[in-house]
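Here's final_4.cif, which has mmCIF, C-alpha atoms and all ligand atoms:
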```
data_final
loop_
_atom_site.label_atom_id
_atom_site.label_comp_id
_atom_site.auth_asym_id
_atom_site.auth_seq_id
_atom_site.Cartn_x
_atom_site.Cartn_y
_atom_site.Cartn_z
CA MET A 1 -2.23 -5.15 -30.56
CA LYS A 2 -4.96 -3.26 -28.77
CA VAL A 3 -4.72 0.52 -28.28
CA THR A 4 -6.90 2.29 -25.71
CA VAL A 5 -7.22 6.07 -25.74
CA LEU A 6 -7.02 6.88 -22.03
CA GLY A 7 -7.30 10.64 -22.58
CA SER A 8 -8.10 12.71 -25.67
CA GLY A 9 -8.23 16.23 -24.23
CA THR A 10 -5.94 19.22 -24.28
CA SER A 11 -3.97 20.36 -21.24
CA HIS A 12 -6.96 22.04 -19.53
CA GLY A 13 -9.20 19.01 -20.01
CA VAL A 14 -12.80 19.27 -21.23
CA PRO A 15 -14.94 20.55 -19.59
CA ALA A 16 -12.61 23.38 -18.63
CA ILE A 17 -12.96 24.73 -15.11
CA GLY A 18 -15.55 27.51 -15.01
CA CYS A 19 -16.49 27.36 -18.71
CA ASP A 20 -20.10 27.57 -19.86
CA CYS A 21 -19.54 26.91 -23.58
CA ALA A 22 -21.71 24.39 -25.42
CA VAL A 23 -19.03 21.67 -25.45
CA CYS A 24 -18.13 22.08 -21.78
CA ARG A 25 -21.86 21.87 -20.92
CA SER A 26 -22.55 19.01 -23.35
CA SER A 27 -24.30 15.88 -22.05
CA ASP A 28 -22.53 13.70 -24.68
CA PRO A 29 -19.94 11.61 -22.78
CA HIS A 30 -17.63 11.89 -25.83
CA ASP A 31 -17.25 15.57 -24.96
CA ARG A 32 -15.62 14.77 -21.59
CA ARG A 33 -11.90 14.61 -22.26
CA THR A 34 -9.11 13.89 -19.83
CA ARG A 35 -5.45 14.72 -20.47
CA PRO A 36 -3.70 12.94 -23.38
CA SER A 37 -2.41 9.38 -23.00
CA ILE A 38 -2.80 5.95 -24.58
CA LEU A 39 -2.20 2.35 -23.52
CA MET A 40 -0.83 -0.16 -26.05
CA GLN A 41 -1.40 -3.83 -25.21
CA LEU A 42 0.64 -6.24 -27.27
CA ASP A 43 -0.87 -9.59 -28.22
CA GLY A 44 0.46 -12.69 -26.56
CA ASP A 45 -1.16 -15.43 -24.51
CA ALA A 46 0.28 -18.06 -22.19
CA GLY A 47 1.57 -20.08 -25.15
CA SER A 48 3.24 -17.14 -26.83
CA PRO A 49 7.02 -16.85 -26.85
CA PHE A 50 6.50 -13.40 -25.31
CA ALA A 51 4.42 -14.63 -22.37
CA GLY A 52 5.56 -12.89 -19.22
CA ALA A 53 7.45 -10.24 -21.15
CA VAL A 54 6.48 -6.63 -21.69
CA ARG A 55 2.93 -6.43 -23.01
CA SER A 56 1.25 -3.36 -21.50
CA ILE A 57 2.87 -0.11 -22.61
CA LEU A 58 1.67 3.27 -21.34
CA VAL A 59 2.44 6.43 -23.30
CA ASP A 60 2.88 9.36 -20.88
CA THR A 61 1.63 9.61 -17.29
CA SER A 62 -1.10 12.21 -17.66
CA THR A 63 -2.44 14.38 -14.89
CA ASP A 64 -5.52 12.14 -14.96
CA LEU A 65 -3.70 8.79 -14.87
CA ARG A 66 -5.41 7.48 -11.75
CA MET A 67 -8.93 8.06 -13.04
CA GLN A 68 -7.97 6.78 -16.50
CA ALA A 69 -6.58 3.56 -15.00
CA LEU A 70 -9.75 3.05 -12.95
CA ALA A 71 -12.09 3.87 -15.86
CA ASN A 72 -10.31 1.44 -18.18
CA ASP A 73 -9.38 -1.17 -15.54
CA VAL A 74 -5.68 -0.97 -16.40
CA ARG A 75 -4.17 -3.78 -14.29
CA ARG A 76 -0.59 -3.78 -15.58
CA VAL A 77 1.96 -1.27 -16.85
CA ASP A 78 5.15 -2.96 -17.97
CA ALA A 79 6.79 0.04 -19.62
CA ILE A 80 6.21 3.76 -20.12
CA LEU A 81 7.12 5.79 -23.20
CA PHE A 82 7.38 9.55 -22.67
CA THR A 83 6.68 11.98 -25.52
CA HIS A 84 7.82 15.14 -23.66
CA THR A 85 7.48 16.65 -20.19
CA HIS A 86 4.71 19.21 -20.47
CA ALA A 87 2.62 19.04 -17.31
CA ASP A 88 -0.42 17.41 -18.93
CA HIS A 89 1.77 14.46 -20.01
CA VAL A 90 3.73 13.78 -16.82
CA PHE A 91 1.95 15.05 -13.71
CA GLY A 92 0.32 11.68 -13.00
CA ILE A 93 3.74 10.03 -12.58
CA ASP A 94 3.23 9.35 -8.86
CA GLU A 95 0.28 7.04 -9.65
CA VAL A 96 2.66 4.37 -10.99
CA ARG A 97 3.46 3.45 -7.36
CA ARG A 98 0.36 1.28 -7.49
CA TYR A 99 1.80 -0.75 -10.38
CA ASN A 100 5.13 -1.03 -8.56
CA HIS A 101 3.24 -2.50 -5.59
CA MET A 102 1.14 -4.92 -7.64
CA GLN A 103 3.99 -6.03 -9.91
CA ARG A 104 6.73 -5.90 -7.23
CA SER A 105 9.20 -4.36 -9.65
CA PRO A 106 10.40 -1.05 -11.08
CA ILE A 107 8.91 0.10 -14.38
CA ALA A 108 11.13 0.76 -17.38
CA CYS A 109 10.65 4.23 -18.89
CA PHE A 110 11.89 5.25 -22.33
CA ALA A 111 12.46 8.83 -23.50
CA ASP A 112 14.86 10.96 -25.48
CA GLN A 113 17.83 12.70 -23.87
CA GLY A 114 16.05 16.00 -23.25
CA THR A 115 13.02 14.34 -21.70
CA VAL A 116 15.16 12.12 -19.42
CA ALA A 117 17.02 15.21 -18.17
CA SER A 118 13.78 17.10 -17.69
CA LEU A 119 12.11 14.22 -15.79
CA LYS A 120 15.08 14.04 -13.41
CA ARG A 121 14.87 17.79 -12.81
CA MET A 122 11.08 18.00 -12.45
CA PHE A 123 10.78 14.91 -10.26
CA ALA A 124 13.91 15.17 -8.12
CA TYR A 125 11.89 13.67 -5.25
CA ILE A 126 11.75 10.41 -7.30
CA PHE A 127 15.22 10.37 -8.80
CA GLU A 128 17.15 11.92 -5.87
CA PRO A 129 15.08 10.50 -3.03
CA PRO A 130 15.50 11.56 0.60
CA LYS A 131 16.20 9.05 3.37
CA GLN A 132 12.59 8.92 4.56
CA GLN A 133 10.17 7.59 1.96
CA GLY A 134 6.82 7.84 3.76
CA GLY A 135 4.10 6.55 1.44
CA GLY A 136 6.69 5.31 -1.03
CA LEU A 137 8.13 6.63 -4.24
CA PRO A 138 7.58 5.56 -7.84
CA GLN A 139 10.21 2.99 -8.80
CA LEU A 140 11.20 3.95 -12.34
CA SER A 141 14.18 2.91 -14.46
CA LEU A 142 14.90 5.60 -17.05
CA PHE A 143 16.34 4.58 -20.40
CA GLU A 144 17.48 7.16 -22.95
CA ILE A 145 16.54 6.21 -26.51
CA GLY A 146 18.14 7.42 -29.72
CA GLY A 147 16.23 5.32 -32.25
CA GLU A 148 14.29 2.12 -32.77
CA PHE A 149 14.27 -0.39 -29.90
CA THR A 150 12.41 -3.58 -28.98
CA LEU A 151 9.82 -4.04 -26.25
CA GLY A 152 7.98 -7.31 -25.68
CA GLY A 153 9.10 -8.54 -29.09
CA ALA A 154 7.70 -5.46 -30.84
CA ALA A 155 9.80 -2.82 -32.60
CA VAL A 156 9.11 0.64 -31.16
CA VAL A 157 10.09 3.46 -33.51
CA PRO A 158 10.46 6.94 -32.01
CA ILE A 159 9.17 9.57 -34.47
CA PRO A 160 10.84 12.99 -33.98
CA LEU A 161 8.20 15.76 -34.18
CA PHE A 162 8.09 19.49 -33.57
CA HIS A 163 5.75 20.96 -30.95
CA GLY A 164 6.39 24.61 -31.78
CA ASN A 165 10.18 24.86 -31.37
CA LEU A 166 10.30 21.94 -28.96
CA PRO A 167 11.48 18.60 -30.38
CA ILE A 168 9.32 15.81 -28.98
CA LEU A 169 8.68 12.15 -29.85
CA GLY A 170 5.78 10.33 -31.38
CA PHE A 171 5.90 6.54 -31.39
CA ARG A 172 5.20 3.87 -33.98
CA VAL A 173 4.55 0.18 -33.28
CA GLY A 174 3.82 -1.91 -36.39
CA THR A 175 1.21 -0.17 -38.53
CA PHE A 176 0.11 2.16 -35.72
CA ALA A 177 1.50 5.60 -34.86
CA TYR A 178 0.74 8.00 -32.00
CA LEU A 179 1.63 11.60 -32.84
CA THR A 180 0.42 13.83 -30.04
CA ASP A 181 1.54 17.41 -29.38
CA CYS A 182 2.94 18.47 -32.73
CA ASN A 183 2.47 21.07 -35.41
CA ARG A 184 5.23 19.91 -37.77
CA ILE A 185 6.58 16.58 -38.95
CA PRO A 186 10.19 17.09 -40.07
CA ASP A 187 11.33 15.77 -43.48
CA THR A 188 13.47 13.06 -41.88
CA SER A 189 10.47 11.62 -39.99
CA TRP A 190 8.19 11.03 -42.98
CA PRO A 191 9.99 7.82 -44.07
CA LEU A 192 9.48 6.45 -40.53
CA LEU A 193 5.73 6.75 -41.13
CA ASP A 194 5.70 4.73 -44.38
CA GLY A 195 3.13 1.96 -44.13
CA VAL A 196 1.27 3.38 -41.12
CA ARG A 197 -2.41 2.38 -41.47
CA THR A 198 -3.82 3.75 -38.21
CA VAL A 199 -2.74 7.06 -36.71
CA ILE A 200 -3.73 9.11 -33.69
CA ILE A 201 -2.64 12.70 -34.27
CA ASP A 202 -2.81 16.08 -32.55
CA ALA A 203 -5.63 18.45 -33.63
CA LEU A 204 -6.35 21.08 -31.02
CA ARG A 205 -9.09 23.12 -32.72
CA HIS A 206 -9.96 24.73 -36.07
CA ARG A 207 -8.03 27.96 -35.51
CA PRO A 208 -4.24 27.72 -36.03
CA HIS A 209 -2.05 27.43 -32.94
CA SER A 210 1.68 27.97 -32.45
CA THR A 211 2.41 24.48 -31.07
CA HIS A 212 -0.46 22.19 -32.16
CA PHE A 213 -1.92 21.14 -35.52
CA SER A 214 -5.32 22.59 -36.36
CA VAL A 215 -7.94 20.16 -37.69
CA ALA A 216 -7.17 21.15 -41.31
CA GLU A 217 -3.41 20.77 -40.76
CA ALA A 218 -3.89 17.37 -39.15
CA VAL A 219 -6.06 16.21 -42.07
CA THR A 220 -3.35 17.29 -44.52
CA ALA A 221 -0.75 15.30 -42.55
CA ILE A 222 -3.05 12.25 -42.41
CA GLN A 223 -3.48 12.36 -46.19
CA ARG A 224 0.28 12.50 -46.68
CA ILE A 225 0.80 9.59 -44.28
CA GLY A 226 -1.84 7.69 -46.25
CA ALA A 227 -3.43 6.09 -43.17
CA ASP A 228 -6.73 4.19 -43.57
CA ARG A 229 -7.97 5.28 -40.17
CA ALA A 230 -7.11 8.44 -38.28
CA TYR A 231 -8.21 9.77 -34.91
CA LEU A 232 -7.67 13.34 -33.73
CA THR A 233 -6.53 13.91 -30.14
CA HIS A 234 -5.42 16.68 -27.72
CA ILE A 235 -8.82 18.21 -28.41
CA SER A 236 -9.93 21.52 -26.92
CA HIS A 237 -13.45 22.64 -26.02
CA ASP A 238 -13.72 24.32 -29.42
CA LEU A 239 -14.62 20.95 -31.00
CA GLY A 240 -17.90 19.25 -30.18
CA HIS A 241 -17.67 15.50 -30.83
CA ALA A 242 -20.75 14.87 -32.98
CA ALA A 243 -20.71 18.18 -34.87
CA THR A 244 -17.00 17.92 -35.70
CA ASN A 245 -17.21 14.28 -36.81
CA ALA A 246 -20.03 15.19 -39.20
CA GLN A 247 -17.64 17.53 -41.05
CA LEU A 248 -14.50 15.36 -41.15
CA PRO A 249 -13.45 13.44 -44.27
CA ALA A 250 -14.06 9.66 -44.48
CA GLY A 251 -11.65 7.72 -42.29
CA VAL A 252 -10.95 10.64 -39.95
CA GLU A 253 -12.75 11.14 -36.63
CA LEU A 254 -12.22 12.59 -33.22
CA ALA A 255 -10.75 10.24 -30.66
CA TYR A 256 -12.53 10.01 -27.32
CA ASP A 257 -11.68 8.75 -23.87
CA GLY A 258 -12.11 4.97 -23.76
CA LEU A 259 -11.83 4.45 -27.54
CA VAL A 260 -10.33 1.01 -28.23
CA LEU A 261 -8.60 0.23 -31.53
CA GLU A 262 -7.60 -3.21 -32.70
CA ILE A 263 -4.40 -3.00 -34.73
CA ALA A 264 -3.58 -5.84 -37.13
CA GLU A 265 0.04 -6.99 -37.26
ZN ZN B 301 -15.69 25.39 -22.72
ZN ZN B 302 2.92 19.59 -24.97
ZN ZN B 303 -0.07 18.19 -24.31
#
```
Is it possible to express this structure as structure tokens?
Ligand SMILES: [Zn+2]
Ligand SMILES: [Zn+2]
Ligand SMILES: [Zn+2]
Amino acid sequence: MKVTVLGSGTSHGVPAIGCDCAVCRSSDPHDRRTRPSILMQLDGDAGSPFAGAVRSILVDTSTDLRMQALANDVRRVDAILFTHTHADHVFGIDEVRRYNHMQRSPIACFADQGTVASLKRMFAYIFEPPKQQGGGLPQLSLFEIGGEFTLGGAAVVPIPLFHGNLPILGFRVGTFAYLTDCNRIPDTSWPLLDGVRTVIIDALRHRPHSTHFSVAEAVTAIQRIGADRAYLTHISHDLGHAATNAQLPAGVELAYDGLVLEIAE
């Protein structure tokens, strides 16, 4: 499986509008961060039993989805997993029309009960469409998930997390887990992370925050998970890429937009 970090920034993005801090003014391209999202591409060629099945799985439809898809030449989206419905994770939802056009089919979306209800409420124009469609509407099939399910031959394990008081989902596929937007992993979710070797996890900044892990809190969680490789995401302008990486323990680094990870089976 190949994982591409489409966006590694917090909800404001980096640079933030109107900010003159060192990170927002940095010339290092790693310090330019769009809103959080990843793409997981399952292996499988023409000879594979999964050929033609689901292979390109998007996690969230970030505000920056269009530019992320262009920057990373994302040609297919077969399925979308939603973590939660904060604006930074869903406000690019209209961009999936392009995939509907190219693939000539609706896209299956998977989320927990609260997120499905929230998507229907926030995007009534999609799910309760008017008679006149104009430029077209995203064609999405929502599926409520309550536990592990299979996509393209791969087991997808939802990982319940807490984002402040809000329950949200991380996702695990094989030895990889994506745990954005969290500041607590409940006791019942730790066993679901057994055997994870590569993790992308929320770390907003050094100072504590009420709904996101700090860098130190994320490092503690990574050590408990026992991952070989860890990448911090949902990063604010408090963390410069090079300076922060120089201080992180071995095996832990900041994610960046366009980072590609190869995940062994
Ligand atoms: Zn700044
Ligand atoms: Zn959030
Ligand atoms: Zn977020």
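Proximal residues of ligand ZN 301 (chain B) are A:Val14, A:Pro15, A:Ala16, A:Cys19, A:Asp20, A:Cys21, A:Ala22, A:Val23, A:Cys24, A:His237, by a cut-off of 7 Å on all atoms listed in the file.
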Would you mind listing, for every residue of chain A within 8 Å of ligand ZN 302 (chain B), the two atoms forming the shortest contact and the distance between them in Å to one decimal, using all atoms listed in the file, sorted by chain and ascending residue number, as JSON lines?
```
{"residue": "A:Ser11", "atom": "CA", "partner": "B:ZN302", "partner_atom": "ZN", "distance": 7.9}
{"residue": "A:His84", "atom": "CA", "partner": "B:ZN302", "partner_atom": "ZN", "distance": 6.7}
{"residue": "A:Thr85", "atom": "CA", "partner": "B:ZN302", "partner_atom": "ZN", "distance": 7.2}
{"residue": "A:His86", "atom": "CA", "partner": "B:ZN302", "partner_atom": "ZN", "distance": 4.9}
{"residue": "A:Ala87", "atom": "CA", "partner": "B:ZN302", "partner_atom": "ZN", "distance": 7.7}
{"residue": "A:Asp88", "atom": "CA", "partner": "B:ZN302", "partner_atom": "ZN", "distance": 7.2}
{"residue": "A:His89", "atom": "CA", "partner": "B:ZN302", "partner_atom": "ZN", "distance": 7.2}
{"residue": "A:His163", "atom": "CA", "partner": "B:ZN302", "partner_atom": "ZN", "distance": 6.8}
{"residue": "A:Asp181", "atom": "CA", "partner": "B:ZN302", "partner_atom": "ZN", "distance": 5.1}
{"residue": "A:Cys182", "atom": "CA", "partner": "B:ZN302", "partner_atom": "ZN", "distance": 7.8}
{"residue": "A:Thr211", "atom": "CA", "partner": "B:ZN302", "partner_atom": "ZN", "distance": 7.8}
```
Let me know the centre plus edge lengths, in Å and rounded to one decimal, of a box with edges along x, y and z that contains all listed atoms of range 72-84 of chain A and is padded by 5 Å on every side, as lines of an AutoDock Vina configuration file.
```
center_x = -1.2
center_y = 5.7
center_z = -19.9
size_x = 28.1
size_y = 28.9
size_z = 21.2
```
Which residue gives the smallest distance to His206 in chain A among A:Gly240, A:Gly152, A:Gly136, A:Pro160, with only C-alpha atoms counted?
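Closest to His206 in chain A, using only C-alpha atoms: A:Gly240.
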For the atom pair CA of Tyr99 in chain A and CA of Tyr256 in chain A, what is the interatomic distance in Å to one decimal place?
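Interatomic distance, CA of Tyr99 in chain A to CA of Tyr256 in chain A: 24.7 Å.
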For range 199-205 of chain A, work out the shell of residues within 6 Å, counting all atoms listed in the file and skipping chain neighbours fewer than 6 positions away, then give it as a CSV table (one decimal) with C-alpha atoms, keeping the file's coordinate frame.
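What follows is the written file out_24.csv:
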```
chain,number,residue,atom,x,y,z
A,176,PHE,CA,0.1,2.2,-35.7
A,177,ALA,CA,1.5,5.6,-34.9
A,178,TYR,CA,0.7,8.0,-32.0
A,179,LEU,CA,1.6,11.6,-32.8
A,180,THR,CA,0.4,13.8,-30.0
A,181,ASP,CA,1.5,17.4,-29.4
A,213,PHE,CA,-1.9,21.1,-35.5
A,214,SER,CA,-5.3,22.6,-36.4
A,215,VAL,CA,-7.9,20.2,-37.7
A,218,ALA,CA,-3.9,17.4,-39.2
A,230,ALA,CA,-7.1,8.4,-38.3
A,231,TYR,CA,-8.2,9.8,-34.9
A,232,LEU,CA,-7.7,13.3,-33.7
A,233,THR,CA,-6.5,13.9,-30.1
A,234,HIS,CA,-5.4,16.7,-27.7
A,235,ILE,CA,-8.8,18.2,-28.4
A,236,SER,CA,-9.9,21.5,-26.9
A,238,ASP,CA,-13.7,24.3,-29.4
```
Selected residue of minimal separation from ligand ZN 303 (chain B) among A:Leu169, A:Val219, A:Val196, A:Leu248, counting all atoms listed in the file:
A:Leu169
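For Ile145 in chain A, the residues within 12 Å (counting only C-alpha atoms, excluding itself and residues fewer than 3 positions away along the chain) are Leu81, Phe82, Thr83, Ala108, Cys109, Phe110, Ala111, Asp112, Gln113, Gly114, Thr115, Val116, Leu142, Glu148, Phe149, Thr150, Val156, Val157, Pro158, Ile159, Pro160, Leu169 and Phe171 of chain A.
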Let's have the selection written as a PDB file, keeping the file's coordinate frame, with C-alpha atoms.
```
ATOM      1  CA  LEU A  81       7.120   5.790 -23.200  1.00  0.00           C
ATOM      2  CA  PHE A  82       7.380   9.550 -22.670  1.00  0.00           C
ATOM      3  CA  THR A  83       6.680  11.980 -25.520  1.00  0.00           C
ATOM      4  CA  ALA A 108      11.130   0.760 -17.380  1.00  0.00           C
ATOM      5  CA  CYS A 109      10.650   4.230 -18.890  1.00  0.00           C
ATOM      6  CA  PHE A 110      11.890   5.250 -22.330  1.00  0.00           C
ATOM      7  CA  ALA A 111      12.460   8.830 -23.500  1.00  0.00           C
ATOM      8  CA  ASP A 112      14.860  10.960 -25.480  1.00  0.00           C
ATOM      9  CA  GLN A 113      17.830  12.700 -23.870  1.00  0.00           C
ATOM     10  CA  GLY A 114      16.050  16.000 -23.250  1.00  0.00           C
ATOM     11  CA  THR A 115      13.020  14.340 -21.700  1.00  0.00           C
ATOM     12  CA  VAL A 116      15.160  12.120 -19.420  1.00  0.00           C
ATOM     13  CA  LEU A 142      14.900   5.600 -17.050  1.00  0.00           C
ATOM     14  CA  GLU A 148      14.290   2.120 -32.770  1.00  0.00           C
ATOM     15  CA  PHE A 149      14.270  -0.390 -29.900  1.00  0.00           C
ATOM     16  CA  THR A 150      12.410  -3.580 -28.980  1.00  0.00           C
ATOM     17  CA  VAL A 156       9.110   0.640 -31.160  1.00  0.00           C
ATOM     18  CA  VAL A 157      10.090   3.460 -33.510  1.00  0.00           C
ATOM     19  CA  PRO A 158      10.460   6.940 -32.010  1.00  0.00           C
ATOM     20  CA  ILE A 159       9.170   9.570 -34.470  1.00  0.00           C
ATOM     21  CA  PRO A 160      10.840  12.990 -33.980  1.00  0.00           C
ATOM     22  CA  LEU A 169       8.680  12.150 -29.850  1.00  0.00           C
ATOM     23  CA  PHE A 171       5.900   6.540 -31.390  1.00  0.00           C
TER      24      PHE A 171
END
```
